[in-house]
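Visitor: To start, I am sharing the structure in question, which I have written as structure tokens.
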Amino acid sequence: MEEEEIKEKIFAYSTQMKGKKKLKEKDIIKKIAADTGLEKDVVKKALRAMINVGKLMYSYGGGASSVEIPSDEYLKEKGML
Amino acid sequence: MSLKHKTPMLDELEKGPWPSFVTEMKKAAKKSPMAEDGLGQLEKSYQTKLGYWKHGGIVGVLGYGGGVIGRYSDLPEEFPEVAHFHTIRINQPSGWYYTTKALREICEIWDRYGSGLTNMHGSTGDLVLLGTNTESLEPLFAEYSSRGWDLGGSGSCLRTPSCCLGQSRCEWANYDTMDVIYNLTQEYQDELHRPAFAYKFKIKAAGCACDCVASIARSDCAIIGTWKGDILIDQAEVKKYADGGMNIQDEIVGMCPTECVSYDGKELKINNPQCNRCMHCIAKMTRALRPSGERGATICIGSKAPIVVGSLLSWVVVPFIKVEAPYTELKELIARIIEWWDDNAKPRERIGELIEVKGMRPFLEAIGVPPQPQQVKEPRKDPFIFFKDEDFEKIYTKDKY
């Protein structure tokens, strides 16, 4: 499977879970690896690539972190939109 | 120059002989509008007994999940300069050694992009910069990283490891704490900057049981220096302490936690097999007593502050481990500990809590450490009777018992 395809699956899952559950990196990696049969490291690499370009971002609250889809407002602040 | 906010309640905190953070904030406020509004909002909190900070959210530098803690004012119209007031954590040098040039560099950059307020240092050990806005984060990070500084950890990651100054200045350090922490920081860059764990994980390294870095209380994994040999005694120096007025019976013998020290008025004796290397007697009689023999560290696991359950102190998991570069044995052990915790922990569950839930047996089996008497946390706990299903089979079939 191409990395772009994995990224699409990750993004779709993140969109699906938005507002329902704060996803940790591990939650996404486990889910996509289980759905696709890919190695966790492969999924992790694709996830990290998305985080590197701001497609997904880390969020923080009460000492715990999660991965979220950033808002347009935030991307504008970062000069990415 | 007068400040725009009246601060009668905060002014009370300037009275008395001790240093005051209010005085320092007022100094900063003379040239920083952010510090000025920060004072105003703080005064309001004191007046109303309410907090006005919102915390968290998506805020950070690109690619990193840690090092920036988002903070926003609930009163942005009243205190516009602190509408954003994000905290930055800078990974401190091992042992907190700075040159004045380095400190000037940090402060000069911070004055340009933030409030100018610092906290030297946060409880995890980072150099903390208090108060900047979202637009300044990327340029601020670019300035620091171009000069060799990096962000520390925050969120569900490996928090910035920290250590006492160790062998750089202390004769009691049983291993090179600064080198260990530098190595672990390099080893775990990904875990430090990309929060992938269930919750935070802290590593602290102390050269001896004096534990100047408070690792036993403030880290999930405390690496505390220890030794295997006897405590060497210089009886002539013991006599000098006695002649100098030290009450050896009360101050040394009476305070030994394992009651392994005795003193007959002439000679000090130590029952070394009973000694738990707490450092009390050595720290009190520095010229008379010193450790000897093989040096290494004790690994204690589990301390935390009270959030999910009550606060915990770390307890011994590995009584003795060699701590020598390249620290392969130590790194492999920490990797196994983190792996077990990460595989089993619920969100916001620290390793100490997880061990209390799951028990020592699965933990010790997972990390490959045999049960040992030193691991008993308290009397009548952790008896290490590790029955397995096959043992019960043997009981039923009278095969063995």
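Here, A, B, ... name the chains of the structure tokens in the order displayed, residue numbers run from 1 inside each chain, and ligands are numbered from 1 in the same displayed order.
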Tell me, counting only C-alpha atoms, for each residue of chain A within 9 Å of chain B, which pair of atoms is nearest and how far apart they are in Å to one decimal, in rows ordered by chain and increasing number, as JSON lines.
Guide:
```
{"residue": "A:Lys24", "atom": "CA", "partner": "B:Ala196", "partner_atom": "CA", "distance": 6.6}
{"residue": "A:Glu25", "atom": "CA", "partner": "B:Ala196", "partner_atom": "CA", "distance": 5.4}
{"residue": "A:Lys26", "atom": "CA", "partner": "B:Ala196", "partner_atom": "CA", "distance": 6.4}
{"residue": "A:Arg48", "atom": "CA", "partner": "B:Gly63", "partner_atom": "CA", "distance": 7.9}
{"residue": "A:Ala49", "atom": "CA", "partner": "B:Gly63", "partner_atom": "CA", "distance": 8.7}
{"residue": "A:Met50", "atom": "CA", "partner": "B:Gly63", "partner_atom": "CA", "distance": 8.9}
{"residue": "A:Ile51", "atom": "CA", "partner": "B:Gly63", "partner_atom": "CA", "distance": 5.6}
{"residue": "A:Asn52", "atom": "CA", "partner": "B:Gly63", "partner_atom": "CA", "distance": 4.4}
{"residue": "A:Val53", "atom": "CA", "partner": "B:Leu62", "partner_atom": "CA", "distance": 7.3}
{"residue": "A:Gly54", "atom": "CA", "partner": "B:Leu62", "partner_atom": "CA", "distance": 6.7}
{"residue": "A:Met57", "atom": "CA", "partner": "B:Ile58", "partner_atom": "CA", "distance": 7.0}
{"residue": "A:Tyr58", "atom": "CA", "partner": "B:Gly65", "partner_atom": "CA", "distance": 5.0}
{"residue": "A:Ser59", "atom": "CA", "partner": "B:Ile58", "partner_atom": "CA", "distance": 4.3}
{"residue": "A:Tyr60", "atom": "CA", "partner": "B:Gly56", "partner_atom": "CA", "distance": 4.9}
{"residue": "A:Gly61", "atom": "CA", "partner": "B:Gly56", "partner_atom": "CA", "distance": 4.4}
{"residue": "A:Gly62", "atom": "CA", "partner": "B:Gly56", "partner_atom": "CA", "distance": 7.0}
{"residue": "A:Gly63", "atom": "CA", "partner": "B:Gly155", "partner_atom": "CA", "distance": 4.7}
{"residue": "A:Ala64", "atom": "CA", "partner": "B:Gly155", "partner_atom": "CA", "distance": 4.7}
{"residue": "A:Ser65", "atom": "CA", "partner": "B:Gly155", "partner_atom": "CA", "distance": 5.0}
{"residue": "A:Ser66", "atom": "CA", "partner": "B:Pro195", "partner_atom": "CA", "distance": 7.8}
{"residue": "A:Val67", "atom": "CA", "partner": "B:Gly65", "partner_atom": "CA", "distance": 8.9}
{"residue": "A:Glu68", "atom": "CA", "partner": "B:Ile58", "partner_atom": "CA", "distance": 7.9}
{"residue": "A:Pro70", "atom": "CA", "partner": "B:Ile58", "partner_atom": "CA", "distance": 7.2}
{"residue": "A:Ser71", "atom": "CA", "partner": "B:Ile58", "partner_atom": "CA", "distance": 8.9}
{"residue": "A:Tyr74", "atom": "CA", "partner": "B:Ile58", "partner_atom": "CA", "distance": 8.0}
{"residue": "A:Glu77", "atom": "CA", "partner": "B:Glu135", "partner_atom": "CA", "distance": 6.3}
{"residue": "A:Lys78", "atom": "CA", "partner": "B:Glu135", "partner_atom": "CA", "distance": 7.2}
```
Visitor: For the residues in that selection, give me N, CA and C atoms as a PDB file, in the first residue's frame.
Guide:
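Generated output (out.pdb):
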```pdb
ATOM      1  N   LYS A  24      -4.980   9.046  20.850  1.00  0.00           N
ATOM      2  CA  LYS A  24      -3.537   9.069  21.036  1.00  0.00           C
ATOM      3  C   LYS A  24      -2.893   8.514  19.763  1.00  0.00           C
ATOM      4  N   GLU A  25      -1.620   8.778  19.616  1.00  0.00           N
ATOM      5  CA  GLU A  25      -0.891   8.207  18.470  1.00  0.00           C
ATOM      6  C   GLU A  25      -1.114   6.704  18.369  1.00  0.00           C
ATOM      7  N   LYS A  26      -1.021   6.067  19.524  1.00  0.00           N
ATOM      8  CA  LYS A  26      -1.104   4.604  19.547  1.00  0.00           C
ATOM      9  C   LYS A  26      -2.472   4.102  19.087  1.00  0.00           C
ATOM     10  N   ARG A  48       3.549  10.210  11.315  1.00  0.00           N
ATOM     11  CA  ARG A  48       4.558  11.224  11.637  1.00  0.00           C
ATOM     12  C   ARG A  48       4.741  12.199  10.471  1.00  0.00           C
ATOM     13  N   ALA A  49       4.668  11.656   9.248  1.00  0.00           N
ATOM     14  CA  ALA A  49       4.815  12.522   8.072  1.00  0.00           C
ATOM     15  C   ALA A  49       3.669  13.535   8.025  1.00  0.00           C
ATOM     16  N   MET A  50       2.489  13.094   8.409  1.00  0.00           N
ATOM     17  CA  MET A  50       1.330  14.004   8.429  1.00  0.00           C
ATOM     18  C   MET A  50       1.505  15.068   9.510  1.00  0.00           C
ATOM     19  N   ILE A  51       2.035  14.666  10.640  1.00  0.00           N
ATOM     20  CA  ILE A  51       2.262  15.626  11.732  1.00  0.00           C
ATOM     21  C   ILE A  51       3.337  16.641  11.329  1.00  0.00           C
ATOM     22  N   ASN A  52       4.336  16.178  10.600  1.00  0.00           N
ATOM     23  CA  ASN A  52       5.435  17.069  10.192  1.00  0.00           C
ATOM     24  C   ASN A  52       4.976  18.209   9.296  1.00  0.00           C
ATOM     25  N   VAL A  53       3.918  17.970   8.541  1.00  0.00           N
ATOM     26  CA  VAL A  53       3.453  19.026   7.627  1.00  0.00           C
ATOM     27  C   VAL A  53       2.170  19.700   8.114  1.00  0.00           C
ATOM     28  N   GLY A  54       1.745  19.366   9.317  1.00  0.00           N
ATOM     29  CA  GLY A  54       0.584  20.050   9.885  1.00  0.00           C
ATOM     30  C   GLY A  54      -0.767  19.499   9.452  1.00  0.00           C
ATOM     31  N   MET A  57      -2.047  17.345  14.113  1.00  0.00           N
ATOM     32  CA  MET A  57      -1.186  18.000  15.110  1.00  0.00           C
ATOM     33  C   MET A  57      -1.427  17.414  16.490  1.00  0.00           C
ATOM     34  N   TYR A  58      -0.413  17.563  17.304  1.00  0.00           N
ATOM     35  CA  TYR A  58      -0.559  17.138  18.689  1.00  0.00           C
ATOM     36  C   TYR A  58      -1.376  18.172  19.445  1.00  0.00           C
ATOM     37  N   SER A  59      -2.232  17.676  20.324  1.00  0.00           N
ATOM     38  CA  SER A  59      -2.999  18.538  21.200  1.00  0.00           C
ATOM     39  C   SER A  59      -2.674  18.155  22.641  1.00  0.00           C
ATOM     40  N   TYR A  60      -2.911  19.062  23.555  1.00  0.00           N
ATOM     41  CA  TYR A  60      -2.484  18.846  24.933  1.00  0.00           C
ATOM     42  C   TYR A  60      -3.544  19.358  25.894  1.00  0.00           C
ATOM     43  N   GLY A  61      -3.819  18.601  26.915  1.00  0.00           N
ATOM     44  CA  GLY A  61      -4.758  19.074  27.929  1.00  0.00           C
ATOM     45  C   GLY A  61      -4.614  18.276  29.209  1.00  0.00           C
ATOM     46  N   GLY A  62      -4.452  18.963  30.326  1.00  0.00           N
ATOM     47  CA  GLY A  62      -4.351  18.287  31.618  1.00  0.00           C
ATOM     48  C   GLY A  62      -3.191  17.322  31.720  1.00  0.00           C
ATOM     49  N   GLY A  63      -2.119  17.615  31.022  1.00  0.00           N
ATOM     50  CA  GLY A  63      -0.926  16.783  31.113  1.00  0.00           C
ATOM     51  C   GLY A  63      -0.911  15.632  30.130  1.00  0.00           C
ATOM     52  N   ALA A  64      -2.026  15.404  29.430  1.00  0.00           N
ATOM     53  CA  ALA A  64      -2.082  14.291  28.479  1.00  0.00           C
ATOM     54  C   ALA A  64      -2.171  14.827  27.046  1.00  0.00           C
ATOM     55  N   SER A  65      -1.651  14.059  26.104  1.00  0.00           N
ATOM     56  CA  SER A  65      -1.594  14.501  24.699  1.00  0.00           C
ATOM     57  C   SER A  65      -2.476  13.636  23.818  1.00  0.00           C
ATOM     58  N   SER A  66      -2.907  14.226  22.719  1.00  0.00           N
ATOM     59  CA  SER A  66      -3.652  13.471  21.721  1.00  0.00           C
ATOM     60  C   SER A  66      -3.279  14.015  20.346  1.00  0.00           C
ATOM     61  N   VAL A  67      -3.791  13.362  19.301  1.00  0.00           N
ATOM     62  CA  VAL A  67      -3.535  13.809  17.935  1.00  0.00           C
ATOM     63  C   VAL A  67      -4.858  14.276  17.341  1.00  0.00           C
ATOM     64  N   GLU A  68      -4.849  15.464  16.747  1.00  0.00           N
ATOM     65  CA  GLU A  68      -6.095  16.033  16.228  1.00  0.00           C
ATOM     66  C   GLU A  68      -5.884  16.652  14.862  1.00  0.00           C
ATOM     67  N   PRO A  70      -5.968  19.875  12.883  1.00  0.00           N
ATOM     68  CA  PRO A  70      -5.930  21.282  13.291  1.00  0.00           C
ATOM     69  C   PRO A  70      -7.022  22.106  12.613  1.00  0.00           C
ATOM     70  N   SER A  71      -7.408  23.174  13.286  1.00  0.00           N
ATOM     71  CA  SER A  71      -8.434  24.054  12.715  1.00  0.00           C
ATOM     72  C   SER A  71      -7.801  24.934  11.635  1.00  0.00           C
ATOM     73  N   TYR A  74      -5.915  27.794  13.159  1.00  0.00           N
ATOM     74  CA  TYR A  74      -4.575  27.468  13.640  1.00  0.00           C
ATOM     75  C   TYR A  74      -3.583  27.384  12.474  1.00  0.00           C
ATOM     76  N   GLU A  77      -2.558  30.758  11.449  1.00  0.00           N
ATOM     77  CA  GLU A  77      -1.566  31.304  12.388  1.00  0.00           C
ATOM     78  C   GLU A  77      -0.182  30.783  12.085  1.00  0.00           C
ATOM     79  N   LYS A  78      -0.114  29.539  11.642  1.00  0.00           N
ATOM     80  CA  LYS A  78       1.177  28.902  11.338  1.00  0.00           C
ATOM     81  C   LYS A  78       1.640  29.229   9.917  1.00  0.00           C
TER      82      LYS A  78
END
```
Visitor: List every residue of stretch 245-388 of chain B that DSSP, applied to the backbone, labels as alpha helix (DSSP H), and write the result as an MDAnalysis selection string.
Guide: chainID B and resid 248 280:284 328:344 351:358 360:367
Visitor: Those residues you just picked out, can you put them in a file as a CSV table (one decimal), in the first residue's frame with C-alpha atoms?
Guide:
```csv
chain,number,residue,atom,x,y,z
B,248,ILE,CA,27.1,10.5,67.8
B,280,HIS,CA,22.7,9.6,56.4
B,281,CYS,CA,25.8,8.8,58.4
B,282,ILE,CA,28.2,9.6,55.5
B,283,ALA,CA,26.5,12.9,54.9
B,284,LYS,CA,26.8,13.8,58.6
B,328,THR,CA,23.4,-0.7,27.3
B,329,GLU,CA,22.1,-2.6,30.3
B,330,LEU,CA,20.3,0.4,31.7
B,331,LYS,CA,18.8,1.5,28.4
B,332,GLU,CA,17.5,-2.0,27.7
B,333,LEU,CA,15.9,-2.2,31.2
B,334,ILE,CA,14.2,1.2,30.8
B,335,ALA,CA,13.0,0.2,27.3
B,336,ARG,CA,11.4,-3.0,28.8
B,337,ILE,CA,9.8,-0.9,31.7
B,338,ILE,CA,8.4,1.7,29.3
B,339,GLU,CA,7.1,-1.0,26.9
B,340,TRP,CA,5.2,-2.9,29.6
B,341,TRP,CA,3.7,0.3,30.9
B,342,ASP,CA,2.8,1.7,27.5
B,343,ASP,CA,1.2,-1.6,26.5
B,344,ASN,CA,-1.0,-1.9,29.6
B,351,ILE,CA,3.6,3.3,36.0
B,352,GLY,CA,3.4,3.3,39.8
B,353,GLU,CA,-0.4,3.2,39.6
B,354,LEU,CA,-0.3,0.4,36.9
B,355,ILE,CA,2.0,-1.7,39.1
B,356,GLU,CA,-0.5,-1.3,42.0
B,357,VAL,CA,-3.3,-2.4,39.7
B,358,LYS,CA,-1.6,-5.3,38.0
B,360,MET,CA,4.5,-6.8,40.9
B,361,ARG,CA,4.5,-10.3,39.4
B,362,PRO,CA,3.5,-9.4,35.8
B,363,PHE,CA,5.7,-6.3,36.0
B,364,LEU,CA,8.8,-8.2,37.1
B,365,GLU,CA,8.2,-11.0,34.6
B,366,ALA,CA,7.8,-8.5,31.8
B,367,ILE,CA,11.0,-6.6,32.5
```
Visitor: Taking the backbone alone, and naming residues the way the document does, which bits of stretch 72-221 of chain B are strand (DSSP E) by DSSP, as a list in words?
Guide: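 The residues of stretch 72-221 of chain B classed as strand (DSSP E) are Tyr72, Ser73, Thr87, Ile88, Arg89, Ile90, Gly114, Ser115, Gly116, Leu117, Thr118, Asn119, Met120, Leu127, Val128, Leu129, Leu130, Gly131, Thr132, Ser162, Cys163, Ile203, Lys204, Ala205, Ala206 and Cys221 of chain B.
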Visitor: Choose the residue, out of A:Ala33, A:Leu81, A:Leu75, A:Ile69, that has the smallest atom-to-atom separation from A:Thr15; count only C-alpha atoms.
Guide: A:Ile69
Visitor: Within 9 Å of B:Pro319, counting only C-alpha atoms, which residues show up once you throw out same-chain ones fewer than 2 positions away? Write them as a PyMOL selection string, please.
Guide: chain B and resi 226+297-300+316-317+321+372+374-375
Visitor: Output C-alpha atoms of each residue in that selection to a file, as a short mmCIF file (atom, residue, chain, number, x, y, z; two decimals), in the first residue's frame.
Guide:
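This went into part10.cif:
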```cif
data_model
loop_
_atom_site.label_atom_id
_atom_site.label_comp_id
_atom_site.auth_asym_id
_atom_site.auth_seq_id
_atom_site.Cartn_x
_atom_site.Cartn_y
_atom_site.Cartn_z
CA THR B 226 24.82 3.13 45.37
CA ALA B 297 22.82 2.39 40.91
CA THR B 298 19.52 1.23 42.35
CA ILE B 299 16.52 1.57 40.05
CA CYS B 300 13.37 2.70 41.83
CA VAL B 316 13.23 -0.55 44.62
CA VAL B 317 12.87 -2.72 41.53
CA ILE B 321 22.86 -2.24 38.22
CA GLN B 372 14.19 -10.02 45.45
CA GLN B 374 14.87 -5.47 48.42
CA GLN B 375 11.74 -5.01 46.30
#
```
Visitor: So how far away is atom CA of B:Ile307 from atom CA of A:Met17, in Å?
Guide: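 Going from atom CA of A:Met17 over to atom CA of B:Ile307, I get 26.7 Å.
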Visitor: Tell me which protein, DNA and RNA residues are within 10 Å of B:Glu259, counting only C-alpha atoms, leaving out same-chain ones fewer than 6 positions away, and put them as a PyMOL selection string.
Guide: chain B and resi 252-253+270-271+274-275
Visitor: So how far away is atom CA of B:Pro93 from atom CA of B:Met25, in Å?
Guide: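 These atoms are spaced 25.4 Å apart.
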Visitor: Need to verify the contact set: B:Leu50, 12 Å, only C-alpha atoms, exclusion of same-chain residues closer than 6 positions in sequence. Can you return it as number ranges by chain?
Guide: B: 41-44, 74-75
Visitor: What does the structure give for the distance between atom CA of B:Lys322 and atom CA of B:Ile203, in Å to one decimal?
Guide: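 Atom CA of B:Ile203 lies 17.0 Å from atom CA of B:Lys322.
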Visitor: Taking only C-alpha atoms into account, name the residue in A:Asp72, A:Phe11, A:Lys31, A:Thr36 that is nearest to A:Leu56.
Guide: A:Phe11
Visitor: Find, counting only C-alpha atoms, the residue in A:Lys9, A:Met80, A:Glu2, A:Glu73 that gets nearest to A:Ile28.
Guide: A:Lys9
